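Let me begin by presenting the structure, written as structure tokens, before commenting on it.
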Amino acid sequence: MKIELKRLSEVKKSMIIELMNNQLVRRQMPLLTEYFNESMCDAFIATKEQLWAENGYGPWAFIVNGQFAGWGGLQPEKGEVDLALVLHPDYWGLGKFIYHQIIDKAFNEMQLKSVTVLFPPTRTRTKGLIRLGFKEDGELEIENRRFIRYRIENPNHNA
């Protein structure tokens with residue numbers, strides 16, 4: 001299996017729109033409250049490209065055996081580096097493998113001290129996240145929605 005990391009701007013917008021409107025995906029994304037249309041997709045891609053321009057990192061499109069599987073990666077969020085991972089349900093079994101690719105870049109290439117993940121309180125299945133080494137680290141609010149922050153520390157970071 002070949003997994004490529006590409007920029008979101010390299011993916012057909014229709015594929016991103018389909019992913020973002022998938023009901024199983026939407027259940028995991030409380031900030032996505034309305035139908036994700038083409039103009040929203042244009043703004044989404046522009047925002048993610050701006051992250052790359054301003055920070056030198058941002059989310060990728062995940063291409064699995066030539067097919068768009070989802071998007072995610074590292075992005076700034078409230079002064080932290082947050083890890084996002086949004087996969088089409090057909091590819092949910094690859095989440096852990098893709099996570100390891102992202103965390104390897106974060107800790108070994110970028111030498112980040114830590115990475116966070118934000119889950120809405122309704123997402124109660126967190127055992128997998130805990131097994132990866134994340135620890136609950138407070139709460140924060142984004143767009144009037146509450147999130148629980150989980151953090152993983154870089155074991156190789158020199159404090």
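Labeling convention for the structure tokens: chains A, B, ... as they appear, residues from 1 per chain, ligands from 1 in order of appearance.
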| task | Taking the DSSP assignment computed from this structure's backbone, write out as a ChimeraX atom specification all residues of region 33-81 of chain A that belong to helix (DSSP H, G or I). | result | /A:38-55
| said: Between A:Ile102, A:Met15, A:Leu32, A:Leu24, which residue has the minimum interatomic distance to Val115 (chain A), considering only C-alpha atoms? | reply: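 Ranking A:Ile102, A:Met15, A:Leu32, A:Leu24 by distance to Val115 (chain A), first place goes to A:Ile102.
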| request: Measuring atom to atom with only C-alpha atoms, identify which of A:Ala53, A:Met20, A:Val117, A:Gln111 is nearest to Lys78 (chain A). | output: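 That would be A:Val117, the residue with the smallest distance to Lys78 (chain A).
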| request: Just the strand (DSSP E or B) stuff from chain A, please, per backbone DSSP, written as a ChimeraX atom specification. | output: /A:3-6,59-64,67-77,80-87,114-119,135-142,145-153
| field | Distance criterion (only C-alpha atoms): nearest to Ala84 (chain A) out of A:Gly128, A:Gly58, A:Gly72, A:Gly138 | value | A:Gly72
| message | as a ChimeraX atom specification, please: the residues near Gly133 (chain A) (cut-off 12 Å, only C-alpha atoms, same-chain neighbours under 4 positions excluded). | response | /A:100,103,114-117,126-129,150-155
| request: For CA of Asn144 (chain A) and CA of Asn21 (chain A), quote the distance in Å rounded to one decimal. | output: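 CA of Asn21 (chain A) lies 21.6 Å from CA of Asn144 (chain A).
The closest residue to Met1 (chain A), picked from A:Val64, A:Leu87, A:Lys135, A:Ile142 and counting only C-alpha atoms, is A:Val64.
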Skip Phe62 (chain A) itself and residues of its chain fewer than 3 positions away, then list as a compact mmCIF listing (two decimals) with C-alpha atoms, in the first residue's frame all residues within 7 Å of it, counting only C-alpha atoms.
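After the write, part_13.txt holds the following:
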```txt
# COMPACT_ATOMS: atom_id res chain seq x y z
CA ILE A 3 0.35 6.48 1.05
CA GLU A 4 1.32 9.86 -0.38
CA LEU A 5 1.10 13.22 1.37
CA LYS A 6 0.01 15.97 -1.02
CA PHE A 68 -8.04 10.53 -1.90
CA ALA A 69 -8.53 9.01 1.56
CA GLY A 70 -8.80 12.15 3.68
CA TRP A 71 -6.80 15.02 5.07
```
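Nearest residue to Gln101 (chain A), choosing from A:Phe44, A:Glu141, A:Gln23, A:Trp60 and counting only C-alpha atoms: A:Trp60.
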| said: As an exercise, work out the distance from CA of Leu8 (chain A) to CA of Ala61 (chain A) in Å and give it to one decimal place. | reply: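 Value for the CA of Leu8 (chain A)-CA of Ala61 (chain A) distance: 5.0 Å.
Interatomic distance, CA of Ser39 (chain A) against CA of Tyr99 (chain A): 29.1 Å.
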| message | Restricting the calculation to only C-alpha atoms: of A:Lys2, A:Ile16, A:Asn108, A:Thr122, which residue gets closest to Val86 (chain A)? | response |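 That would be A:Ile16, the residue with the smallest distance to Val86 (chain A).
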| task | Give me the residues within 9 Å of Asn22 (chain A) as a ChimeraX atom specification, counting only C-alpha atoms and dropping any in the same chain fewer than 5 places off. | result | /A:17,27,88-89
| said: What's around Leu74 (chain A) at 7 Å? Count only C-alpha atoms, leave out sequence neighbours fewer than 4 positions away in its own chain, and write the answer as a PyMOL selection string. | reply: chain A and resi 57-59+81-84
Okay, now the selection with C-alpha atoms, as a short mmCIF file (atom, residue, chain, number, x, y, z; two decimals), in the first residue's frame?
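Done, and the output landed in selection21.cif:
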```
data_model
loop_
_atom_site.label_atom_id
_atom_site.label_comp_id
_atom_site.auth_asym_id
_atom_site.auth_seq_id
_atom_site.Cartn_x
_atom_site.Cartn_y
_atom_site.Cartn_z
CA TYR A 57 3.52 23.36 7.92
CA GLY A 58 -0.14 22.52 7.60
CA PRO A 59 -2.49 19.70 6.69
CA VAL A 81 0.48 22.48 17.28
CA ASP A 82 -2.65 20.41 16.79
CA LEU A 83 -2.90 17.12 14.95
CA ALA A 84 -5.97 16.66 12.77
#
```
